[in-house]
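Data from model_31.tsv: TSV, C-alpha atoms and all ligand atoms
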```tsv
chain	number	residue	atom	x	y	z
A	952	SER	CA	135.80	83.43	90.98
A	953	GLU	CA	133.37	81.07	89.33
A	954	GLU	CA	132.41	83.67	86.76
A	955	LEU	CA	136.02	84.14	85.76
A	956	LEU	CA	136.44	80.42	85.44
A	957	ILE	CA	133.41	80.16	83.17
A	958	ARG	CA	134.66	83.06	81.10
A	959	SER	CA	138.10	81.53	80.66
A	960	GLU	CA	136.52	78.24	79.65
A	961	LYS	CA	134.50	80.08	77.02
A	962	MET	CA	137.62	81.80	75.77
A	963	SER	CA	139.48	78.56	75.39
A	964	VAL	CA	136.58	77.22	73.34
A	965	SER	CA	136.60	80.28	71.09
A	966	GLY	CA	140.38	80.06	70.80
A	967	GLN	CA	140.07	76.44	69.77
A	968	LEU	CA	137.30	77.44	67.40
A	969	ALA	CA	139.28	80.28	65.84
A	970	SER	CA	142.25	78.11	64.95
A	971	GLY	CA	139.89	75.47	63.61
A	972	VAL	CA	138.07	78.02	61.47
A	973	VAL	CA	141.32	79.31	60.02
A	974	HIS	CA	142.28	75.77	59.09
A	975	GLU	CA	138.87	74.88	57.64
A	976	ILE	CA	138.76	78.05	55.53
A	977	ARG	CA	142.39	78.04	54.43
A	978	ASN	CA	142.17	74.57	52.88
A	979	PRO	CA	139.36	75.31	50.42
A	980	LEU	CA	140.88	78.76	49.68
A	981	THR	CA	144.25	77.21	48.82
A	982	SER	CA	142.50	74.76	46.57
A	983	ILE	CA	140.44	77.48	44.83
A	984	LYS	CA	143.56	79.57	44.30
A	985	GLY	CA	145.33	76.56	42.79
A	986	PHE	CA	142.55	75.96	40.30
A	987	ILE	CA	142.41	79.62	39.31
A	988	GLU	CA	146.14	79.46	38.58
A	989	LEU	CA	145.61	76.38	36.42
A	990	LEU	CA	142.82	78.14	34.54
A	991	GLN	CA	145.06	81.20	34.05
A	992	ALA	CA	147.70	78.91	32.58
A	993	GLY	CA	145.16	77.96	29.95
A	994	ILE	CA	144.47	74.39	31.02
A	995	ASP	CA	141.41	73.03	29.20
A	996	ARG	CA	139.65	70.98	31.88
A	997	LYS	CA	137.54	74.00	32.76
A	998	GLU	CA	134.29	72.15	33.49
A	999	GLU	CA	135.91	69.87	36.03
A	1000	TYR	CA	137.81	72.70	37.73
A	1001	PHE	CA	134.77	74.95	38.00
A	1002	LYS	CA	132.86	72.10	39.62
A	1003	ILE	CA	135.54	71.59	42.26
A	1004	MET	CA	135.86	75.32	42.88
A	1005	ILE	CA	132.12	75.62	43.48
A	1006	GLU	CA	132.26	72.69	45.90
A	1007	GLU	CA	135.07	74.35	47.82
A	1008	ILE	CA	133.17	77.64	47.97
A	1009	GLU	CA	130.12	75.75	49.24
A	1010	LYS	CA	132.21	74.33	52.08
A	1011	ILE	CA	133.08	77.86	53.20
A	1012	GLU	CA	129.44	78.94	52.84
A	1013	LYS	CA	128.21	76.06	54.98
A	1014	LEU	CA	130.83	76.73	57.60
A	1015	SER	CA	129.89	80.42	57.76
A	1016	THR	CA	126.22	79.57	58.29
A	1017	GLU	CA	126.99	77.20	61.15
A	1018	LEU	CA	129.40	79.66	62.72
A	1019	LEU	CA	126.56	82.17	62.99
A	1020	TYR	CA	124.92	79.83	65.47
A	1021	VAL	CA	128.08	79.58	67.53
A	1022	SER	CA	128.06	83.31	68.14
A	1023	ARG	CA	124.32	83.49	68.72
A	1024	PRO	CA	124.26	82.42	72.40
A	1025	LEU	CA	125.57	85.94	73.12
A	1026	THR	CA	122.25	87.45	72.10
A	1027	GLN	CA	119.61	85.47	73.88
A	1028	ASP	CA	115.91	86.05	73.66
A	1029	HIS	CA	114.26	83.89	76.31
A	1030	SER	CA	110.57	83.37	76.86
A	1031	TYR	CA	108.27	80.63	78.19
A	1032	GLN	CA	107.58	78.12	75.43
A	1033	TRP	CA	105.59	74.92	74.91
A	1034	LEU	CA	108.26	72.30	74.32
A	1035	LYS	CA	106.01	70.03	72.25
A	1036	GLN	CA	105.18	72.80	69.78
A	1037	MET	CA	108.85	73.64	69.22
A	1038	ILE	CA	109.78	70.01	68.55
A	1039	GLU	CA	106.81	69.59	66.21
A	1040	ASP	CA	107.92	72.65	64.21
A	1041	VAL	CA	111.33	71.07	63.68
A	1042	ILE	CA	109.87	67.69	62.71
A	1043	VAL	CA	107.81	69.40	59.98
A	1044	LEU	CA	111.03	70.92	58.69
A	1045	LEU	CA	112.92	67.61	58.50
A	1046	ASN	CA	110.15	65.12	57.73
A	1047	THR	CA	110.60	65.12	53.95
A	1048	GLN	CA	114.29	64.41	54.31
A	1049	ALA	CA	113.49	61.57	56.75
A	1050	MET	CA	110.72	60.03	54.63
A	1051	LYS	CA	113.03	59.90	51.60
A	1052	LYS	CA	115.12	57.42	53.59
A	1053	GLY	CA	112.11	55.56	54.99
A	1054	ILE	CA	112.60	57.01	58.44
A	1055	ASN	CA	109.71	57.86	60.79
A	1056	ILE	CA	110.16	60.51	63.43
A	1057	ILE	CA	108.05	59.56	66.44
A	1058	LEU	CA	107.37	62.15	69.11
A	1059	ASP	CA	106.10	61.25	72.56
A	1060	CYS	CA	105.76	64.45	74.59
A	1061	PRO	CA	103.20	65.55	77.19
A	1062	GLN	CA	101.18	68.62	76.08
A	1063	ASP	CA	101.94	70.79	79.08
A	1064	VAL	CA	105.75	70.85	79.26
A	1065	VAL	CA	107.01	74.43	79.45
A	1066	VAL	CA	110.62	75.53	79.09
A	1067	TYR	CA	112.18	78.97	79.42
A	1068	ALA	CA	114.09	79.21	76.22
A	1069	ASP	CA	115.38	81.08	73.23
A	1070	LYS	CA	113.06	79.53	70.66
A	1071	SER	CA	115.37	79.65	67.66
A	1072	GLN	CA	118.28	78.24	69.66
A	1073	ILE	CA	116.32	75.30	71.06
A	1074	LYS	CA	114.96	74.60	67.60
A	1075	GLN	CA	118.54	74.61	66.35
A	1076	VAL	CA	119.37	71.93	68.93
A	1077	PHE	CA	116.61	69.65	67.62
A	1078	ILE	CA	117.60	70.38	64.02
A	1079	ASN	CA	121.19	69.35	64.79
A	1080	LEU	CA	120.23	66.15	66.61
A	1081	ILE	CA	117.53	64.98	64.21
A	1082	LYS	CA	119.69	65.77	61.17
A	1083	ASN	CA	122.53	63.74	62.66
A	1084	ALA	CA	120.12	60.89	63.36
A	1085	ILE	CA	118.82	60.91	59.78
A	1086	GLU	CA	122.35	61.08	58.38
A	1087	ALA	CA	123.49	58.21	60.62
A	1088	MET	CA	120.73	55.81	59.60
A	1089	THR	CA	121.60	53.88	56.47
A	1090	GLU	CA	118.43	51.76	56.61
A	1091	SER	CA	114.81	52.65	57.19
A	1092	GLY	CA	113.66	52.77	60.80
A	1093	ASN	CA	112.56	55.12	63.54
A	1094	ILE	CA	113.85	58.15	65.35
A	1095	TYR	CA	112.19	58.49	68.76
A	1096	ILE	CA	111.92	61.75	70.64
A	1097	LYS	CA	110.70	61.10	74.16
A	1098	VAL	CA	109.97	63.72	76.78
A	1099	GLN	CA	109.35	62.98	80.45
A	1100	VAL	CA	109.03	65.30	83.39
A	1101	SER	CA	111.08	64.35	86.40
A	1102	GLY	CA	111.05	66.70	89.36
A	1103	GLU	CA	112.22	70.14	88.26
A	1104	PHE	CA	113.52	68.90	84.94
A	1105	SER	CA	112.25	67.89	81.55
A	1106	LEU	CA	114.19	64.93	80.25
A	1107	ILE	CA	114.34	64.80	76.49
A	1108	SER	CA	115.81	61.82	74.64
A	1109	VAL	CA	116.53	61.68	70.93
A	1110	ILE	CA	117.09	58.05	70.01
A	1111	ASP	CA	118.13	56.74	66.62
A	1112	GLU	CA	118.64	53.30	65.13
A	1113	GLY	CA	121.90	54.08	63.33
A	1114	PRO	CA	125.24	52.33	63.83
A	1115	GLY	CA	125.95	54.17	67.09
A	1116	ILE	CA	129.02	56.10	68.22
A	1117	PRO	CA	132.02	54.04	69.32
A	1118	LYS	CA	132.58	54.47	73.09
A	1119	HIS	CA	136.06	55.92	72.65
A	1120	LEU	CA	134.67	58.72	70.44
A	1121	ILE	CA	131.81	59.80	72.72
A	1122	HIS	CA	133.74	62.78	74.09
A	1123	GLN	CA	135.49	63.66	70.85
A	1124	VAL	CA	132.30	64.08	68.82
A	1125	LYS	CA	131.42	67.23	70.81
A	1126	GLU	CA	134.68	68.93	69.87
A	1127	PRO	CA	134.56	71.58	67.16
A	1128	PHE	CA	135.39	70.28	63.67
A	1129	PHE	CA	135.31	66.60	64.64
A	1130	THR	CA	133.46	64.93	61.80
A	1131	THR	CA	133.38	61.53	60.13
A	1132	LYS	CA	131.30	62.85	57.22
A	1133	LYS	CA	132.55	63.89	53.81
A	1134	GLU	CA	130.35	66.98	53.90
A	1135	GLY	CA	130.36	67.54	57.66
A	1136	THR	CA	131.43	70.68	59.49
A	1137	GLY	CA	131.78	68.98	62.88
A	1138	LEU	CA	130.07	71.91	64.60
A	1139	GLY	CA	126.58	70.52	65.31
A	1140	LEU	CA	127.22	68.80	68.64
A	1141	MET	CA	129.51	71.55	69.87
A	1142	ILE	CA	126.78	74.13	69.17
A	1143	THR	CA	124.20	71.86	70.80
A	1144	THR	CA	126.32	71.56	73.95
A	1145	SER	CA	126.83	75.30	74.23
A	1146	ILE	CA	123.14	76.12	73.65
A	1147	ILE	CA	121.96	73.62	76.28
A	1148	GLU	CA	124.51	74.89	78.79
A	1149	ASN	CA	123.32	78.44	78.09
A	1150	HIS	CA	119.85	77.25	79.10
A	1151	ASN	CA	121.11	75.85	82.42
A	1152	GLY	CA	120.65	72.37	81.07
A	1153	ILE	CA	122.77	69.27	80.63
A	1154	PHE	CA	123.51	67.57	77.32
A	1155	SER	CA	124.88	64.05	77.25
A	1156	ILE	CA	125.41	61.24	74.79
A	1157	ILE	CA	124.64	57.66	75.76
A	1158	PRO	CA	125.73	54.80	73.52
A	1159	ASN	CA	122.92	52.23	73.25
A	1160	GLN	CA	123.29	48.53	73.88
A	1161	GLY	CA	123.29	47.07	70.39
A	1162	LYS	CA	122.70	49.70	67.75
A	1163	GLY	CA	121.86	53.38	67.86
A	1164	THR	CA	122.60	56.35	70.04
A	1165	THR	CA	120.64	58.25	72.67
A	1166	PHE	CA	121.14	62.00	72.99
A	1167	SER	CA	119.85	63.23	76.29
A	1168	ILE	CA	118.88	66.77	77.24
A	1169	LYS	CA	117.91	67.91	80.71
A	1170	LEU	CA	116.21	71.32	80.86
A	1171	PRO	CA	114.56	73.05	83.82
A	1172	HIS	CA	110.80	72.90	83.36
A	1173	TYR	CA	108.19	75.43	84.45
A	1174	ASP	CA	104.55	75.54	85.38
A	1175	SER	CA	102.21	75.83	82.40
A	1176	ALA	CA	100.60	78.82	84.14
A	1177	MET	CA	103.68	80.76	82.97
A	1178	ILE	CA	102.17	80.82	79.49
A	1179	ASP	CA	99.10	83.02	79.15
A	1180	SER	CA	96.96	81.69	76.37
A	1201	LIG	P1	128.75	66.81	61.56
A	1201	LIG	O1	127.32	66.32	61.56
A	1201	LIG	O2	128.95	68.01	60.69
A	1201	LIG	O3	129.74	65.72	61.29
A	1201	LIG	P2	128.34	67.00	64.42
A	1201	LIG	O4	129.02	67.80	65.48
A	1201	LIG	O5	126.87	67.17	64.28
A	1201	LIG	O6	129.08	67.34	63.05
A	1201	LIG	O7	128.67	65.46	64.67
A	1201	LIG	C1	130.02	65.07	64.84
A	1201	LIG	C2	130.20	63.58	64.57
A	1201	LIG	O8	129.52	62.81	65.58
A	1201	LIG	C3	129.61	63.07	63.27
A	1201	LIG	O9	130.46	63.29	62.17
A	1201	LIG	C4	129.42	61.58	63.56
A	1201	LIG	O10	130.63	60.89	63.43
A	1201	LIG	C5	129.06	61.59	65.04
A	1201	LIG	N1	127.60	61.51	65.24
A	1201	LIG	C6	126.78	62.54	65.54
A	1201	LIG	N2	125.50	62.12	65.68
A	1201	LIG	C7	125.51	60.79	65.45
A	1201	LIG	C8	124.49	59.76	65.45
A	1201	LIG	N3	123.21	60.05	65.69
A	1201	LIG	N4	124.89	58.48	65.18
A	1201	LIG	C9	126.20	58.19	64.93
A	1201	LIG	N5	127.18	59.11	64.93
A	1201	LIG	C10	126.86	60.40	65.17
A	1202	MG	MG	125.71	67.37	62.43
```
I need this file expressed as structure tokens, please.
Amino acid sequence: SEELLIRSEKMSVSGQLASGVVHEIRNPLTSIKGFIELLQAGIDRKEEYFKIMIEEIEKIEKLSTELLYVSRPLTQDHSYQWLKQMIEDVIVLLNTQAMKKGINIILDCPQDVVVYADKSQIKQVFINLIKNAIEAMTESGNIYIKVQVSGEFSLISVIDEGPGIPKHLIHQVKEPFFTTKKEGTGLGLMITTSIIENHNGIFSIIPNQGKGTTFSIKLPHYDSAMIDS
């Protein structure tokens, strides 16, 4: 049945994830163990080794935090929410980081768009996308978040002015642990995809003509009467 099919798809994702996690955790652990052995042998480059060991431990910490979000879709807490308010909350969170790089985050969203959503999950989606946009942009510029209502859906676009994603990588970037960053976990877009799908939405990546990338989210939208104020 369809349900079985969906379940088996989910299992293959978690299987893929599990083997990835093992790999991503084993590497820093092996490295930490190696440095401890060197320290035991009485090597005197302690400062340098401690620094590397802390970096490796931080990799595992970061991975653990992001993995929490992967498992979260299992416990959903949906309610009717103003979309604009949720996006604004995330912008407040990331604005300092953006301003440091001379990046403006520009939101264009009608007041009355309502989605039925797990607030913390949808916020996580915007955190992932805006963070990626900030990280991608090496020069100052703008990140645009545009929301339009079209029929039964809200169409949300997150557009950056970074170097863009090469066409041949568009599908790969959503896979767990695919990253081109030194400090990346490669989980952000995979988590984003699974959260949007859990909200009966569609997440897609559109390479822009010229520079930049557009991340597009389609979510069912509801009448504002659903929210009692
Ligand atoms: P991470 O950010 O940890 O690398 P993500 O899943 O969030 O993991 O992103 C995976 C990869 O997709 C990134 O390493 C980068 O190569 C690419 N990517 C994501 N967002 C953008 C963007 N806005 N512009 C260019 N490349 C991007
Ligand atoms: Mg990311």
Original post:
Quick one: of A:Gly1137, A:Pro979, A:Pro1171, A:Gly1161, who's nearest to Asp1111 of chain A, counting all atoms listed in the file?
Top reply: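 Among the listed residues, A:Gly1161 lies closest to Asp1111 of chain A.
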Considering only C-alpha atoms and all ligand atoms, tabulate each residue of chain A that lies at most 10 Å from ligand LIG 1201 (chain A) along with its nearest interatomic pair and the corresponding distance in Å to one decimal; arrange the rows by chain and ascending residue number and present them as JSON lines.
```
{"residue": "A:Lys1013", "atom": "CA", "partner": "A:LIG1201", "partner_atom": "O2", "distance": 9.9}
{"residue": "A:Leu1014", "atom": "CA", "partner": "A:LIG1201", "partner_atom": "O2", "distance": 9.4}
{"residue": "A:Glu1017", "atom": "CA", "partner": "A:LIG1201", "partner_atom": "O2", "distance": 9.4}
{"residue": "A:Ile1078", "atom": "CA", "partner": "A:LIG1201", "partner_atom": "O5", "distance": 9.8}
{"residue": "A:Asn1079", "atom": "CA", "partner": "A:LIG1201", "partner_atom": "O5", "distance": 6.1}
{"residue": "A:Leu1080", "atom": "CA", "partner": "A:LIG1201", "partner_atom": "N2", "distance": 6.7}
{"residue": "A:Ile1081", "atom": "CA", "partner": "A:LIG1201", "partner_atom": "N3", "distance": 7.7}
{"residue": "A:Lys1082", "atom": "CA", "partner": "A:LIG1201", "partner_atom": "O1", "distance": 7.7}
{"residue": "A:Asn1083", "atom": "CA", "partner": "A:LIG1201", "partner_atom": "N2", "distance": 4.5}
{"residue": "A:Ala1084", "atom": "CA", "partner": "A:LIG1201", "partner_atom": "N3", "distance": 4.0}
{"residue": "A:Ile1085", "atom": "CA", "partner": "A:LIG1201", "partner_atom": "N3", "distance": 7.4}
{"residue": "A:Glu1086", "atom": "CA", "partner": "A:LIG1201", "partner_atom": "N3", "distance": 7.4}
{"residue": "A:Ala1087", "atom": "CA", "partner": "A:LIG1201", "partner_atom": "N4", "distance": 4.8}
{"residue": "A:Met1088", "atom": "CA", "partner": "A:LIG1201", "partner_atom": "N4", "distance": 7.5}
{"residue": "A:Ile1094", "atom": "CA", "partner": "A:LIG1201", "partner_atom": "N3", "distance": 9.6}
{"residue": "A:Val1109", "atom": "CA", "partner": "A:LIG1201", "partner_atom": "N3", "distance": 8.6}
{"residue": "A:Ile1110", "atom": "CA", "partner": "A:LIG1201", "partner_atom": "N3", "distance": 7.8}
{"residue": "A:Asp1111", "atom": "CA", "partner": "A:LIG1201", "partner_atom": "N3", "distance": 6.1}
{"residue": "A:Glu1112", "atom": "CA", "partner": "A:LIG1201", "partner_atom": "N4", "distance": 8.1}
{"residue": "A:Gly1113", "atom": "CA", "partner": "A:LIG1201", "partner_atom": "N4", "distance": 5.6}
{"residue": "A:Pro1114", "atom": "CA", "partner": "A:LIG1201", "partner_atom": "C9", "distance": 6.0}
{"residue": "A:Gly1115", "atom": "CA", "partner": "A:LIG1201", "partner_atom": "C9", "distance": 4.6}
{"residue": "A:Ile1116", "atom": "CA", "partner": "A:LIG1201", "partner_atom": "C9", "distance": 4.8}
{"residue": "A:Pro1117", "atom": "CA", "partner": "A:LIG1201", "partner_atom": "N5", "distance": 8.3}
{"residue": "A:Leu1120", "atom": "CA", "partner": "A:LIG1201", "partner_atom": "O8", "distance": 8.2}
{"residue": "A:Ile1121", "atom": "CA", "partner": "A:LIG1201", "partner_atom": "O8", "distance": 8.1}
{"residue": "A:His1122", "atom": "CA", "partner": "A:LIG1201", "partner_atom": "O8", "distance": 9.5}
{"residue": "A:Gln1123", "atom": "CA", "partner": "A:LIG1201", "partner_atom": "O8", "distance": 8.0}
{"residue": "A:Val1124", "atom": "CA", "partner": "A:LIG1201", "partner_atom": "O8", "distance": 4.5}
{"residue": "A:Lys1125", "atom": "CA", "partner": "A:LIG1201", "partner_atom": "O4", "distance": 5.9}
{"residue": "A:Glu1126", "atom": "CA", "partner": "A:LIG1201", "partner_atom": "O4", "distance": 7.3}
{"residue": "A:Pro1127", "atom": "CA", "partner": "A:LIG1201", "partner_atom": "O4", "distance": 6.9}
{"residue": "A:Phe1128", "atom": "CA", "partner": "A:LIG1201", "partner_atom": "O6", "distance": 7.0}
{"residue": "A:Phe1129", "atom": "CA", "partner": "A:LIG1201", "partner_atom": "C1", "distance": 5.5}
{"residue": "A:Thr1130", "atom": "CA", "partner": "A:LIG1201", "partner_atom": "O9", "distance": 3.4}
{"residue": "A:Thr1131", "atom": "CA", "partner": "A:LIG1201", "partner_atom": "O9", "distance": 4.0}
{"residue": "A:Lys1132", "atom": "CA", "partner": "A:LIG1201", "partner_atom": "O9", "distance": 5.0}
{"residue": "A:Lys1133", "atom": "CA", "partner": "A:LIG1201", "partner_atom": "O3", "distance": 8.2}
{"residue": "A:Glu1134", "atom": "CA", "partner": "A:LIG1201", "partner_atom": "O2", "distance": 7.0}
{"residue": "A:Gly1135", "atom": "CA", "partner": "A:LIG1201", "partner_atom": "O2", "distance": 3.4}
{"residue": "A:Thr1136", "atom": "CA", "partner": "A:LIG1201", "partner_atom": "O2", "distance": 3.8}
{"residue": "A:Gly1137", "atom": "CA", "partner": "A:LIG1201", "partner_atom": "O6", "distance": 3.2}
{"residue": "A:Leu1138", "atom": "CA", "partner": "A:LIG1201", "partner_atom": "O4", "distance": 4.3}
{"residue": "A:Gly1139", "atom": "CA", "partner": "A:LIG1201", "partner_atom": "O5", "distance": 3.5}
{"residue": "A:Leu1140", "atom": "CA", "partner": "A:LIG1201", "partner_atom": "O4", "distance": 3.8}
{"residue": "A:Met1141", "atom": "CA", "partner": "A:LIG1201", "partner_atom": "O4", "distance": 5.8}
{"residue": "A:Ile1142", "atom": "CA", "partner": "A:LIG1201", "partner_atom": "O4", "distance": 7.7}
{"residue": "A:Thr1143", "atom": "CA", "partner": "A:LIG1201", "partner_atom": "O4", "distance": 8.2}
{"residue": "A:Thr1144", "atom": "CA", "partner": "A:LIG1201", "partner_atom": "O4", "distance": 9.7}
{"residue": "A:Ile1156", "atom": "CA", "partner": "A:LIG1201", "partner_atom": "N2", "distance": 9.2}
{"residue": "A:Pro1158", "atom": "CA", "partner": "A:LIG1201", "partner_atom": "N4", "distance": 9.2}
{"residue": "A:Lys1162", "atom": "CA", "partner": "A:LIG1201", "partner_atom": "N4", "distance": 9.4}
{"residue": "A:Gly1163", "atom": "CA", "partner": "A:LIG1201", "partner_atom": "N4", "distance": 6.5}
{"residue": "A:Thr1164", "atom": "CA", "partner": "A:LIG1201", "partner_atom": "N3", "distance": 5.7}
{"residue": "A:Thr1165", "atom": "CA", "partner": "A:LIG1201", "partner_atom": "N3", "distance": 7.7}
{"residue": "A:Phe1166", "atom": "CA", "partner": "A:LIG1201", "partner_atom": "N3", "distance": 7.8}
```
Original post:
Between A:Ser1091, A:Gln1032, A:Leu1106, A:His1119, which is the closest to Ala1176 of chain A once you count all atoms listed in the file?
Top reply: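 Comparing A:Ser1091, A:Gln1032, A:Leu1106, A:His1119 against Ala1176 of chain A, the winner is A:Gln1032.
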Subject >> Two-atom distance - atom CA of Glu988 of chain A, atom CA of Met1004 of chain A (Å) >> reply: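 Computing the Euclidean distance for atom CA of Glu988 of chain A and atom CA of Met1004 of chain A yields 11.9 Å.
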Original post:
Which residue, A:Ile1042, A:Ile1157, A:Ile1011, A:Leu1034, has the smallest gap to Lys1118 of chain A when you use only C-alpha atoms?
Top reply: A:Ile1157
**OP:** Please indicate the distance in Å from atom CA of Ile1153 of chain A to atom CA of Asp1059 of chain A, rounded to one decimal place.
**Re:**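 Calculated distance between atom CA of Ile1153 of chain A and atom CA of Asp1059 of chain A is 20.2 Å.
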Original post:
Between atom CA of Thr1016 of chain A and atom CA of Gly971 of chain A, what is the distance, to one decimal in Å?
Top reply: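 Going from atom CA of Thr1016 of chain A over to atom CA of Gly971 of chain A, I get 15.2 Å.
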**OP:** Determine the nearest neighbour of Ser1175 of chain A from the options A:Leu1018, A:Val1066, A:Ile1107, A:Ile1057, counting all atoms listed in the file.
**Re:** A:Val1066
Subject >> Residue nearest ligand MG 1202 (chain A) - candidates A:Gly1053, A:Val1076, A:Phe1001, A:Ile1147, atoms counted: all atoms listed in the file >> reply: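 Answer, going by the shortest atom-to-atom distance: A:Val1076.
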Original post:
Contacts of Gln1027 of chain A at 12 Å or less, counting only C-alpha atoms, minus same-chain residues fewer than 5 places along, as a list in words?
Top reply: Tyr1020, Ser1022, Tyr1067, Ala1068, Asp1069, Lys1070, Ser1071, Gln1072, Ile1073, Ile1146, Asn1149 and His1150 of chain A
Hey, can you spit out that residue selection with C-alpha atoms as an mmCIF file, in the coordinates of the input?
```cif
data_model
loop_
_atom_site.group_PDB
_atom_site.id
_atom_site.type_symbol
_atom_site.label_atom_id
_atom_site.label_comp_id
_atom_site.auth_asym_id
_atom_site.auth_seq_id
_atom_site.Cartn_x
_atom_site.Cartn_y
_atom_site.Cartn_z
ATOM 1 C CA TYR A 1020 124.920 79.830 65.470
ATOM 2 C CA SER A 1022 128.060 83.310 68.140
ATOM 3 C CA TYR A 1067 112.180 78.970 79.420
ATOM 4 C CA ALA A 1068 114.090 79.210 76.220
ATOM 5 C CA ASP A 1069 115.380 81.080 73.230
ATOM 6 C CA LYS A 1070 113.060 79.530 70.660
ATOM 7 C CA SER A 1071 115.370 79.650 67.660
ATOM 8 C CA GLN A 1072 118.280 78.240 69.660
ATOM 9 C CA ILE A 1073 116.320 75.300 71.060
ATOM 10 C CA ILE A 1146 123.140 76.120 73.650
ATOM 11 C CA ASN A 1149 123.320 78.440 78.090
ATOM 12 C CA HIS A 1150 119.850 77.250 79.100
#
```
Subject >> Shortest interatomic distance to ligand MG 1202 (chain A) - which of A:Gln1075, A:Lys1169, A:Ile1054, A:Gly1102, counting only C-alpha atoms and all ligand atoms >> reply: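 Checking each of A:Gln1075, A:Lys1169, A:Ile1054, A:Gly1102 against ligand MG 1202 (chain A), counting only C-alpha atoms and all ligand atoms, the winner is A:Gln1075.
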Original post:
Using all atoms listed in the file, can you list as a list in words the residues within 6 Å of (105.3, 82.2, 78.7)?
Top reply: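 Here is the list of nearby residues: Ser1030, Tyr1031, Gln1032, Met1177 and Ile1178 of chain A.
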Six-sided padding of 6 Å per side, axis-aligned box over segment 994-999 of chain A, centre and edges in Å, one decimal, as JSON:
```
{"center_x": 139.4, "center_y": 72.1, "center_z": 32.6, "size_x": 22.2, "size_y": 16.5, "size_z": 18.8}
```
